[in-house]
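The next block is final21.pdb, given as PDB, C-alpha atoms.
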```pdb
MODEL        1
ATOM      1  CA  MET A   1      39.637 112.138-233.839
ATOM      2  CA  ASP A   2      38.981 115.285-231.877
ATOM      3  CA  PRO A   3      39.591 114.332-228.207
ATOM      4  CA  GLU A   4      36.626 116.439-227.170
ATOM      5  CA  HIS A   5      34.263 114.150-229.083
ATOM      6  CA  ALA A   6      35.851 110.793-228.285
ATOM      7  CA  SER A   7      34.611 108.484-225.529
ATOM      8  CA  VAL A   8      36.626 106.012-223.483
ATOM      9  CA  ASP A   9      35.494 103.063-225.623
ATOM     10  CA  GLY A  10      36.623 104.742-228.828
ATOM     11  CA  ARG A  11      33.171 105.628-230.079
ATOM     12  CA  LYS A  12      32.546 109.149-231.279
ATOM     13  CA  LYS A  13      30.379 111.188-228.928
ATOM     14  CA  PRO A  14      27.678 113.449-230.393
ATOM     15  CA  GLN A  15      28.976 116.971-230.803
ATOM     16  CA  ARG A  16      27.499 119.734-228.716
ATOM     17  CA  SER A  17      24.953 121.848-230.533
ATOM     18  CA  ARG A  18      25.341 125.537-231.185
ATOM     19  CA  ARG A  19      22.329 126.371-229.007
ATOM     20  CA  THR A  20      22.900 129.398-226.833
ATOM     21  CA  HIS A  21      21.981 129.891-223.201
ATOM     22  CA  ARG A  22      19.222 132.258-224.328
ATOM     23  CA  GLU A  23      17.664 129.515-226.472
ATOM     24  CA  VAL A  24      17.773 127.136-223.503
ATOM     25  CA  ALA A  25      16.131 129.807-221.335
ATOM     26  CA  ASP A  26      13.463 130.399-224.007
ATOM     27  CA  GLU A  27      12.560 126.687-224.110
ATOM     28  CA  LEU A  28      12.409 126.316-220.318
ATOM     29  CA  ARG A  29      10.411 129.535-220.027
ATOM     30  CA  ALA A  30       7.901 128.211-222.555
ATOM     31  CA  ARG A  31       7.533 124.974-220.576
ATOM     32  CA  ILE A  32       6.892 126.911-217.364
ATOM     33  CA  ARG A  33       4.310 129.207-218.909
ATOM     34  CA  SER A  34       2.547 126.364-220.726
ATOM     35  CA  GLY A  35       2.241 124.400-217.483
ATOM     36  CA  ALA A  36       4.521 121.581-218.606
ATOM     37  CA  LEU A  37       6.684 122.523-215.620
ATOM     38  CA  GLN A  38       4.270 123.021-212.724
ATOM     39  CA  PRO A  39       4.737 125.533-209.859
ATOM     40  CA  GLY A  40       6.712 124.005-207.028
ATOM     41  CA  ARG A  41       8.247 121.328-209.235
ATOM     42  CA  ARG A  42      11.958 120.794-208.830
ATOM     43  CA  MET A  43      13.966 121.440-211.986
ATOM     44  CA  PRO A  44      16.194 118.735-213.485
ATOM     45  CA  THR A  45      19.848 118.910-212.505
ATOM     46  CA  GLN A  46      22.250 120.983-214.566
ATOM     47  CA  ALA A  47      23.822 117.771-215.850
ATOM     48  CA  GLN A  48      20.433 116.486-217.017
ATOM     49  CA  LEU A  49      19.590 119.776-218.742
ATOM     50  CA  ALA A  50      23.010 119.927-220.396
ATOM     51  CA  ALA A  51      22.510 116.422-221.759
ATOM     52  CA  GLU A  52      18.961 117.158-222.951
ATOM     53  CA  PHE A  53      19.852 120.365-224.799
ATOM     54  CA  GLY A  54      23.280 119.257-225.945
ATOM     55  CA  VAL A  55      25.118 122.191-224.352
ATOM     56  CA  GLU A  56      27.786 122.661-221.726
ATOM     57  CA  ARG A  57      26.883 123.310-218.094
ATOM     58  CA  PRO A  58      27.882 127.029-218.141
ATOM     59  CA  ALA A  59      25.172 127.609-220.752
ATOM     60  CA  VAL A  60      22.638 125.871-218.508
ATOM     61  CA  ARG A  61      23.721 127.954-215.514
ATOM     62  CA  GLN A  62      23.297 131.189-217.476
ATOM     63  CA  ALA A  63      19.861 130.088-218.692
ATOM     64  CA  LEU A  64      18.754 129.320-215.134
ATOM     65  CA  ARG A  65      20.047 132.697-213.942
ATOM     66  CA  ILE A  66      17.893 134.423-216.573
ATOM     67  CA  LEU A  67      14.774 132.566-215.374
ATOM     68  CA  GLN A  68      15.631 133.296-211.751
ATOM     69  CA  SER A  69      16.003 137.004-212.560
ATOM     70  CA  GLU A  70      12.513 136.854-214.120
ATOM     71  CA  ARG A  71      11.208 135.219-210.940
ATOM     72  CA  LEU A  72      10.116 132.133-212.820
ATOM     73  CA  LEU A  73      12.452 129.971-210.726
ATOM     74  CA  THR A  74      13.527 130.061-207.126
ATOM     75  CA  LYS A  75      17.242 130.343-206.532
ATOM     76  CA  ALA A  76      18.976 127.015-206.096
ATOM     77  CA  SER A  77      20.772 126.231-202.847
ATOM     78  CA  LYS A  78      23.987 124.262-202.716
ATOM     79  CA  GLY A  79      23.353 120.778-204.080
ATOM     80  CA  VAL A  80      19.617 121.371-204.548
ATOM     81  CA  PRO A  81      18.172 122.356-207.963
ATOM     82  CA  ALA A  82      15.908 125.363-208.346
ATOM     83  CA  THR A  83      12.135 124.913-208.338
ATOM     84  CA  VAL A  84       9.446 126.555-210.448
ATOM     85  CA  ALA A  85       8.076 129.635-208.683
ATOM     86  CA  ASP A  86       4.679 129.367-207.001
ATOM     87  CA  ASP A  87       3.246 132.053-209.279
ATOM     88  CA  PRO A  88       5.399 132.037-212.437
ATOM     89  CA  GLY A  89       2.813 134.077-214.325
ATOM     90  CA  ARG A  90       3.928 137.151-212.416
ATOM     91  CA  ALA A  91       7.271 137.528-214.109
ATOM     92  CA  PRO A  92       8.376 141.205-214.160
ATOM     93  CA  THR A  93       8.296 141.345-217.968
ATOM     94  CA  GLY A  94       4.609 140.478-218.287
ATOM     95  CA  PRO A  95       2.225 143.034-219.796
ATOM     96  CA  SER A  96       0.059 143.078-216.649
ATOM     97  CA  VAL A  97       2.906 144.364-214.471
ATOM     98  CA  PRO A  98       2.589 148.150-214.014
ATOM     99  CA  PRO A  99       5.669 150.217-214.879
ATOM    100  CA  LEU A 100       7.752 151.626-212.032
ATOM    101  CA  PRO A 101       9.666 154.911-211.914
ATOM    102  CA  THR A 102      13.126 154.484-213.399
ATOM    103  CA  THR A 103      14.901 154.688-210.037
ATOM    104  CA  ALA A 104      12.742 151.873-208.637
ATOM    105  CA  GLY A 105      12.393 149.732-211.751
ATOM    106  CA  LEU A 106      15.949 149.803-213.051
ATOM    107  CA  ALA A 107      17.919 148.829-209.949
ATOM    108  CA  PRO A 108      16.560 145.264-209.453
ATOM    109  CA  ARG A 109      16.834 144.494-213.169
ATOM    110  CA  ILE A 110      20.475 145.665-213.262
ATOM    111  CA  ALA A 111      21.198 143.585-210.155
ATOM    112  CA  ALA A 112      19.676 140.521-211.837
ATOM    113  CA  ALA A 113      21.675 141.170-215.012
ATOM    114  CA  PHE A 114      24.911 141.094-213.002
ATOM    115  CA  GLU A 115      24.223 137.477-212.057
ATOM    116  CA  ALA A 116      25.249 136.453-215.577
ATOM    117  CA  GLU A 117      28.782 135.315-216.349
ATOM    118  CA  HIS A 118      29.046 137.974-219.065
ATOM    119  CA  VAL A 119      27.160 141.165-218.210
ATOM    120  CA  GLU A 120      26.167 143.309-221.205
ATOM    121  CA  ILE A 121      24.435 146.644-220.633
ATOM    122  CA  ASP A 122      23.616 149.139-223.394
ATOM    123  CA  ALA A 123      21.956 152.459-222.566
ATOM    124  CA  VAL A 124      20.574 155.476-224.412
ATOM    125  CA  CYS A 125      19.836 158.344-222.038
ATOM    126  CA  LEU A 126      20.119 162.074-221.392
ATOM    127  CA  THR A 127      22.569 161.580-218.511
ATOM    128  CA  ALA A 128      23.948 158.483-216.810
ATOM    129  CA  VAL A 129      22.455 159.311-213.413
ATOM    130  CA  SER A 130      19.879 156.478-213.327
ATOM    131  CA  LEU A 131      22.372 153.877-214.508
ATOM    132  CA  THR A 132      25.004 155.078-212.033
ATOM    133  CA  LEU A 133      22.538 154.723-209.164
ATOM    134  CA  ALA A 134      21.334 151.317-210.376
ATOM    135  CA  VAL A 135      24.768 149.675-210.477
ATOM    136  CA  GLY A 136      25.288 150.451-206.796
ATOM    137  CA  GLU A 137      23.622 147.252-205.548
ATOM    138  CA  PRO A 138      25.502 144.783-207.800
ATOM    139  CA  LEU A 139      28.770 146.576-206.988
ATOM    140  CA  CYS A 140      28.062 146.037-203.281
ATOM    141  CA  ARG A 141      27.368 142.349-203.934
ATOM    142  CA  ILE A 142      30.593 141.986-205.871
ATOM    143  CA  HIS A 143      32.632 143.649-203.137
ATOM    144  CA  SER A 144      30.998 141.432-200.498
ATOM    145  CA  GLY A 145      31.801 138.285-202.491
ATOM    146  CA  ARG A 146      28.193 137.404-203.370
ATOM    147  CA  LEU A 147      28.666 138.053-207.099
ATOM    148  CA  LYS A 148      31.577 137.754-209.474
ATOM    149  CA  PRO A 149      30.869 138.002-213.188
ATOM    150  CA  ALA A 150      33.786 137.173-215.443
ATOM    151  CA  LYS A 151      33.188 140.046-217.850
ATOM    152  CA  VAL A 152      31.254 143.327-217.891
ATOM    153  CA  ASP A 153      30.623 145.350-221.063
ATOM    154  CA  VAL A 154      28.800 148.672-220.788
ATOM    155  CA  ARG A 155      28.006 150.977-223.726
ATOM    156  CA  VAL A 156      26.302 154.324-223.201
ATOM    157  CA  LEU A 157      24.928 156.737-225.807
ATOM    158  CA  LEU A 158      24.541 160.343-224.607
ATOM    159  CA  PRO A 159      23.798 163.633-226.385
ATOM    160  CA  GLY A 160      26.861 165.316-227.854
ATOM    161  CA  ARG A 161      28.553 168.035-225.836
ATOM    162  CA  ASP A 162      28.216 170.761-228.455
ATOM    163  CA  ILE A 163      24.717 170.220-229.861
ATOM    164  CA  ASP A 164      21.730 172.460-229.142
ATOM    165  CA  LEU A 165      19.780 170.363-226.676
ATOM    166  CA  ALA A 166      16.041 170.052-227.193
ATOM    167  CA  PHE A 167      15.788 169.991-223.369
ATOM    168  CA  PRO A 168      16.481 171.237-220.788
ATOM    169  CA  VAL A 169      15.904 174.713-222.228
ATOM    170  CA  PRO A 170      14.615 178.048-220.895
ATOM    171  CA  VAL A 171      10.934 178.711-221.524
ATOM    172  CA  GLU A 172      11.778 182.116-222.955
ATOM    173  CA  GLY A 173      14.275 180.786-225.501
ATOM    174  CA  ARG A 174      17.869 179.683-225.784
ATOM    175  CA  ASP A 175      19.622 183.054-225.473
ATOM    176  CA  GLY A 176      21.266 184.374-222.331
ATOM    177  CA  ASP A 177      20.678 181.930-219.488
ATOM    178  CA  GLY A 178      20.287 179.061-221.940
ATOM    179  CA  GLY A 179      24.068 178.752-222.075
ATOM    180  CA  LEU A 180      24.260 178.500-218.291
ATOM    181  CA  LEU A 181      21.556 175.836-218.292
ATOM    182  CA  HIS A 182      23.504 173.871-220.888
ATOM    183  CA  GLU A 183      26.656 174.141-218.789
ATOM    184  CA  ARG A 184      24.807 172.786-215.766
ATOM    185  CA  TRP A 185      23.550 169.805-217.782
ATOM    186  CA  LEU A 186      27.037 169.245-219.185
ATOM    187  CA  ALA A 187      28.592 169.214-215.712
ATOM    188  CA  GLN A 188      26.021 166.689-214.497
ATOM    189  CA  CYS A 189      26.469 164.515-217.577
ATOM    190  CA  ASN A 190      30.236 164.444-217.157
ATOM    191  CA  ALA A 191      30.160 163.850-213.415
ATOM    192  CA  GLN A 192      27.734 160.916-213.593
ATOM    193  CA  GLY A 193      29.545 159.348-216.532
ATOM    194  CA  GLN A 194      32.898 159.604-214.786
ATOM    195  CA  VAL A 195      31.518 158.063-211.577
ATOM    196  CA  LEU A 196      29.949 155.187-213.523
ATOM    197  CA  ARG A 197      33.149 154.508-215.436
ATOM    198  CA  HIS A 198      35.387 154.750-212.364
ATOM    199  CA  ASN A 199      33.228 152.468-210.227
ATOM    200  CA  LEU A 200      33.059 149.772-212.892
ATOM    201  CA  LEU A 201      36.673 149.942-214.063
ATOM    202  CA  SER A 202      37.868 149.645-210.460
ATOM    203  CA  LEU A 203      36.604 146.038-210.541
ATOM    204  CA  ARG A 204      39.577 145.183-212.743
ATOM    205  CA  ALA A 205      42.060 145.914-209.976
ATOM    206  CA  THR A 206      39.992 144.770-207.006
ATOM    207  CA  HIS A 207      38.437 141.578-208.414
ATOM    208  CA  GLY A 208      40.169 140.780-211.706
ATOM    209  CA  ILE A 209      36.964 141.250-213.703
ATOM    210  CA  ASP A 210      37.317 142.076-217.393
ATOM    211  CA  VAL A 211      35.468 145.414-217.648
ATOM    212  CA  ARG A 212      34.908 147.684-220.634
ATOM    213  CA  VAL A 213      32.969 150.955-220.407
ATOM    214  CA  SER A 214      32.447 152.998-223.580
ATOM    215  CA  PHE A 215      30.639 156.266-224.274
ATOM    216  CA  ARG A 216      29.581 157.691-227.623
ATOM    217  CA  ALA A 217      27.839 160.948-228.519
ATOM    218  CA  LEU A 218      24.581 161.330-230.404
ATOM    219  CA  PRO A 219      23.948 164.334-232.678
ATOM    220  CA  PHE A 220      20.472 164.768-231.147
ATOM    221  CA  THR A 221      18.655 164.786-227.814
ATOM    222  CA  PRO A 222      17.065 161.343-227.267
ATOM    223  CA  PRO A 223      13.320 161.687-226.545
ATOM    224  CA  VAL A 224      13.324 158.301-224.796
ATOM    225  CA  LYS A 225      15.621 156.293-222.580
ATOM    226  CA  LEU A 226      16.435 152.654-223.289
ATOM    227  CA  TYR A 227      18.367 150.020-221.357
ATOM    228  CA  LEU A 228      19.266 146.654-222.913
ATOM    229  CA  LEU A 229      20.331 143.983-220.426
ATOM    230  CA  ASN A 230      22.303 140.930-221.525
ATOM    231  CA  GLY A 231      20.615 141.064-224.917
ATOM    232  CA  ALA A 232      17.508 139.507-223.373
ATOM    233  CA  GLU A 233      15.614 142.389-221.819
ATOM    234  CA  ALA A 234      14.706 145.933-222.869
ATOM    235  CA  LEU A 235      13.615 148.634-220.441
ATOM    236  CA  PHE A 236      12.022 151.660-222.082
ATOM    237  CA  ALA A 237      10.784 155.046-220.832
ATOM    238  CA  TYR A 238       9.627 158.317-222.373
ATOM    239  CA  TYR A 239      11.182 161.627-221.432
ATOM    240  CA  THR A 240       8.023 163.648-220.785
ATOM    241  CA  LEU A 241       8.655 167.392-220.679
ATOM    242  CA  THR A 242       7.184 169.591-217.965
ATOM    243  CA  ARG A 243       7.526 173.235-217.089
ATOM    244  CA  GLY A 244       9.577 173.867-213.977
ATOM    245  CA  ARG A 245      12.172 176.082-212.336
ATOM    246  CA  ALA A 246      15.926 175.689-212.221
ATOM    247  CA  ARG A 247      18.286 177.640-210.010
ATOM    248  CA  ILE A 248      20.969 179.375-212.069
ATOM    249  CA  ASP A 249      23.460 181.730-210.397
ATOM    250  CA  GLN A 250      21.281 182.349-207.338
ATOM    251  CA  GLU A 251      18.223 183.019-209.493
ATOM    252  CA  TYR A 252      15.381 180.813-210.656
ATOM    253  CA  LEU A 253      14.830 180.212-214.360
ATOM    254  CA  GLU A 254      11.635 178.874-215.938
ATOM    255  CA  THR A 255      12.536 175.794-217.972
ATOM    256  CA  TYR A 256      11.197 172.904-220.009
ATOM    257  CA  ASP A 257      12.820 169.738-218.711
ATOM    258  CA  ALA A 258      12.172 166.042-218.077
ATOM    259  CA  GLN A 259      12.395 164.288-214.730
ATOM    260  CA  GLY A 260      14.093 161.227-216.128
ATOM    261  CA  THR A 261      14.461 159.359-212.841
ATOM    262  CA  ARG A 262      10.677 159.496-212.392
ATOM    263  CA  SER A 263       9.812 158.316-215.912
ATOM    264  CA  PRO A 264       7.747 155.081-215.883
ATOM    265  CA  LEU A 265       9.936 152.227-217.084
ATOM    266  CA  PHE A 266       8.316 149.564-219.279
ATOM    267  CA  ALA A 267       9.933 146.097-219.349
ATOM    268  CA  PHE A 268      10.075 143.746-222.338
ATOM    269  CA  GLY A 269      11.636 140.290-222.121
ATOM    270  CA  GLN A 270      12.878 138.090-224.932
ATOM    271  CA  GLY A 271      10.782 134.919-224.963
ATOM    272  CA  ALA A 272       7.910 136.562-223.070
ATOM    273  CA  GLY A 273       5.758 136.506-226.198
ATOM    274  CA  PRO A 274       6.056 137.631-229.826
ATOM    275  CA  ARG A 275       5.562 141.315-229.022
ATOM    276  CA  ASP A 276       8.196 141.384-226.284
ATOM    277  CA  THR A 277      10.699 139.330-228.255
ATOM    278  CA  THR A 278      10.342 141.538-231.319
ATOM    279  CA  PHE A 279      10.682 144.707-229.253
ATOM    280  CA  VAL A 280      13.907 143.452-227.646
ATOM    281  CA  GLU A 281      15.386 142.390-230.983
ATOM    282  CA  GLN A 282      14.463 145.644-232.738
ATOM    283  CA  SER A 283      15.762 147.705-229.834
ATOM    284  CA  ARG A 284      19.091 145.910-230.069
ATOM    285  CA  ARG A 285      19.244 146.597-233.812
ATOM    286  CA  TRP A 286      18.354 150.258-233.259
ATOM    287  CA  PHE A 287      21.041 150.698-230.616
ATOM    288  CA  ASP A 288      23.744 148.929-232.647
ATOM    289  CA  ALA A 289      22.864 151.029-235.701
ATOM    290  CA  LEU A 290      23.229 154.287-233.767
ATOM    291  CA  TRP A 291      26.451 153.088-232.166
ATOM    292  CA  GLY A 292      28.009 152.116-235.474
ATOM    293  CA  THR A 293      26.847 154.981-237.704
ATOM    294  CA  ILE A 294      26.011 158.558-236.684
ATOM    295  CA  SER A 295      27.382 158.531-233.117
ATOM    296  CA  SER A 296      30.902 159.769-232.432
ATOM    297  CA  GLU A 297      33.518 159.357-229.726
ATOM    298  CA  LEU A 298      32.550 161.055-226.475
ATOM    299  CA  VAL A 299      35.297 162.209-224.144
ATOM    300  CA  LEU A 300      34.056 162.940-220.640
ATOM    301  CA  ARG A 301      35.660 166.050-219.190
ATOM    302  CA  GLY A 302      34.815 169.051-217.096
TER
ENDMDL
END
```
Please express the file's structure as structure tokens.
Amino acid sequence: MDPEHASVDGRKKPQRSRRTHREVADELRARIRSGALQPGRRMPTQAQLAAEFGVERPAVRQALRILQSERLLTKASKGVPATVADDPGRAPTGPSVPPLPTTAGLAPRIAAAFEAEHVEIDAVCLTAVSLTLAVGEPLCRIHSGRLKPAKVDVRVLLPGRDIDLAFPVPVEGRDGDGGLLHERWLAQCNAQGQVLRHNLLSLRATHGIDVRVSFRALPFTPPVKLYLLNGAEALFAYYTLTRGRARIDQEYLETYDAQGTRSPLFAFGQGAGPRDTTFVEQSRRWFDALWGTISSELVLRG
């Protein structure tokens, strides 16, 4: 008999189910939003939840972290279970929550994602500047000892180095100064990507965290930006083009460009309703398809 499923009296224990921590989170989320778990009510202990769902305690802990990141639960203190939030209807993934600019909306969601044991972040963007800024807070928490994920996987899709970008481009066309504008974008893209990779990979040496950071190149300019967090949340924004001025070699050039850091970021959470769940799942499929088909290896360099 498998020792894992044997009890002290010789009887066979029921095997643990194959339910994932996301499925546990989905069920608890549904209970909170249906009112079965009332605001202010203390949650069952992790041992009780593990027994009810037939999973191990790490799966329960990850599920509770997801609900805490959605502000459906208060954070548990030592020896005291979490409680249902006073106003659980105001989770950040709800349709009534207005979108925030990327710089404001992305940072707290990335910080919440880093509370998971295994952090998974996928991004499609024009440059990595927003993501690089957003990981600053969780990196500070890790270095101060307040966080320590076991594993971090980051995948980033960026436009290819040698393609003709749809934007930023000169208003008067791509000739002449267009090459200088492309070089400026390329320098920014490389610099931000290198900073992001360096800051995350340094966690291997300083904290023994298993970190992987990968970049691949797209053969087109993405018209939107997308961030997928731990497979359970999708953050989406449009790159909206405006006419502006860029300084190139001491002169100003009229350009069409997008202020990506100011783009309103819309949040969709798995389990927050059929629309949100479908959007997250389809976004994951879309990203994986691009990663595994038409994208190519991207080497960051000056």
Contacts of range 132-142 of chain A within 7 Å, all atoms listed in the file, excl. fewer than 4 positions in-chain, as a ChimeraX atom specification: /A:106-107,110-111,114,128,146-148,192,196
Given the choices A:Asp122, A:Glu183, A:Asp164, A:Glu254, which gets closest to Lys225 in chain A if the distance is worked out from all atoms listed in the file?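 Among the listed residues, the smallest separation from Lys225 in chain A belongs to A:Asp122.
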Which residues of range 103-131 of chain A have any atom within 12 Å of an atom in range 262-279 of chain A when counting all atoms listed in the file, and what is the closest pair of atoms for each, with the distance in Å to one decimal? Order the rows by chain and rising number and write it as a tab-separated table.
```
residue	atom	partner	partner_atom	distance
A:Thr103	CA	A:Arg262	CA	6.8
A:Ala104	CA	A:Arg262	CA	8.7
A:Gly105	CA	A:Leu265	CA	6.4
A:Leu106	CA	A:Leu265	CA	7.6
A:Ala107	CA	A:Leu265	CA	11.2
A:Pro108	CA	A:Ala267	CA	11.9
A:Arg109	CA	A:Ala267	CA	9.4
A:Cys125	CA	A:Ser263	CA	11.7
A:Val129	CA	A:Arg262	CA	11.8
A:Ser130	CA	A:Arg262	CA	9.7
```
Target residues per the PyMOL selection byres ((chain A and resi 207-216) around 6), formatted as a PyMOL selection string: chain A and resi 150-157+201+203-206+217+295-298
Could you spell out the hits of the PyMOL selection byres ((chain A and resi 227) around 8) on the shown file, as number ranges by chain? A: 121-124, 225-226, 228-229, 234-236
So what do you get for CA of Pro168 in chain A versus CA of Val280 in chain A, distance-wise?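 CA of Pro168 in chain A sits 28.7 Å away from CA of Val280 in chain A.
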Using all atoms listed in the file, which protein or nucleic acid residues come within 6 Å of range 158-161 of chain A? Drop anything in the same chain fewer than 5 positions from it, and give the result as a ChimeraX atom specification. /A:125-126,217-221
Could you work out how far CA of Asp288 in chain A lies from CA of Glu70 in chain A, giving the answer in Å with one decimal?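 Interatomic distance here is 24.8 Å.
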I would like the residues chosen by the PyMOL selection byres ((chain A and resi 300) around 6) on the shown file; could you give them as a PyMOL selection string? chain A and resi 190+299+301
Nearest to Ala50 in chain A, chosen from A:Val24, A:Leu73, A:Val119, A:Leu131, with only C-alpha atoms counted in the distances: A:Val24
For Arg29 in chain A, which residue out of A:Arg197, A:His118, A:Arg285, A:Arg71 is the nearest one, using only C-alpha atoms? A:Arg71
What is the CA of Leu67 in chain A to CA of Asn199 in chain A distance in Å?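 Going from CA of Leu67 in chain A over to CA of Asn199 in chain A covers 27.6 Å.
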Between A:Pro223, A:Thr127, A:Thr45, A:Pro149, which one has atoms that come closest to Gln188 in chain A, using only C-alpha atoms? A:Thr127
Output, as lines of an AutoDock Vina configuration file, the centre and edge lengths in Å (one decimal) of the axis-aligned box that contains all listed atoms of range 158-166 of chain A with 3 Å of margin on each side.
```
center_x = 22.3
center_y = 166.4
center_z = -227.2
size_x = 18.5
size_y = 18.1
size_z = 11.3
```
What does range 33-40 of chain A look like written to a file with all heavy atoms, as a compact mmCIF listing (two decimals), in the first residue's frame?
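The resulting file, decode.txt, is shown below:
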```txt
# COMPACT_ATOMS: atom_id res chain seq x y z
N ARG A 33 -19.31 35.77 -2.72
CA ARG A 33 -20.14 36.66 -3.53
C ARG A 33 -21.62 36.28 -3.48
O ARG A 33 -22.48 37.12 -3.72
CB ARG A 33 -19.62 36.68 -4.96
CG ARG A 33 -18.29 37.44 -5.05
CD ARG A 33 -17.78 37.60 -6.44
NE ARG A 33 -16.67 38.53 -6.44
CZ ARG A 33 -15.67 38.52 -7.31
NH1 ARG A 33 -15.66 37.61 -8.25
NH2 ARG A 33 -14.70 39.40 -7.24
N SER A 34 -21.91 35.02 -3.15
CA SER A 34 -23.31 34.61 -3.03
C SER A 34 -23.87 34.94 -1.66
O SER A 34 -25.08 34.85 -1.44
CB SER A 34 -23.43 33.10 -3.28
OG SER A 34 -22.83 32.36 -2.21
N GLY A 35 -23.00 35.30 -0.71
CA GLY A 35 -23.44 35.59 0.64
C GLY A 35 -23.38 34.40 1.57
O GLY A 35 -23.71 34.52 2.75
N ALA A 36 -22.99 33.23 1.06
CA ALA A 36 -22.86 32.06 1.93
C ALA A 36 -21.80 32.30 3.00
O ALA A 36 -21.90 31.81 4.13
CB ALA A 36 -22.51 30.84 1.10
N LEU A 37 -20.76 33.05 2.64
CA LEU A 37 -19.76 33.50 3.61
C LEU A 37 -19.97 35.00 3.79
O LEU A 37 -19.69 35.78 2.89
CB LEU A 37 -18.34 33.19 3.11
CG LEU A 37 -17.93 31.72 3.12
CD1 LEU A 37 -16.60 31.53 2.42
CD2 LEU A 37 -17.85 31.19 4.55
N GLN A 38 -20.48 35.40 4.95
CA GLN A 38 -20.87 36.77 5.19
C GLN A 38 -19.67 37.66 5.52
O GLN A 38 -18.68 37.19 6.07
CB GLN A 38 -21.87 36.83 6.35
CG GLN A 38 -23.21 36.17 6.05
CD GLN A 38 -24.02 36.98 5.07
OE1 GLN A 38 -23.97 38.21 5.06
NE2 GLN A 38 -24.79 36.30 4.22
N PRO A 39 -19.74 38.97 5.19
CA PRO A 39 -18.68 39.90 5.58
C PRO A 39 -18.42 39.86 7.08
O PRO A 39 -19.36 39.80 7.89
CB PRO A 39 -19.24 41.27 5.15
CG PRO A 39 -20.18 40.95 4.03
CD PRO A 39 -20.79 39.62 4.39
N GLY A 40 -17.16 39.85 7.43
CA GLY A 40 -16.76 39.81 8.83
C GLY A 40 -16.66 38.41 9.41
O GLY A 40 -16.16 38.23 10.53
```
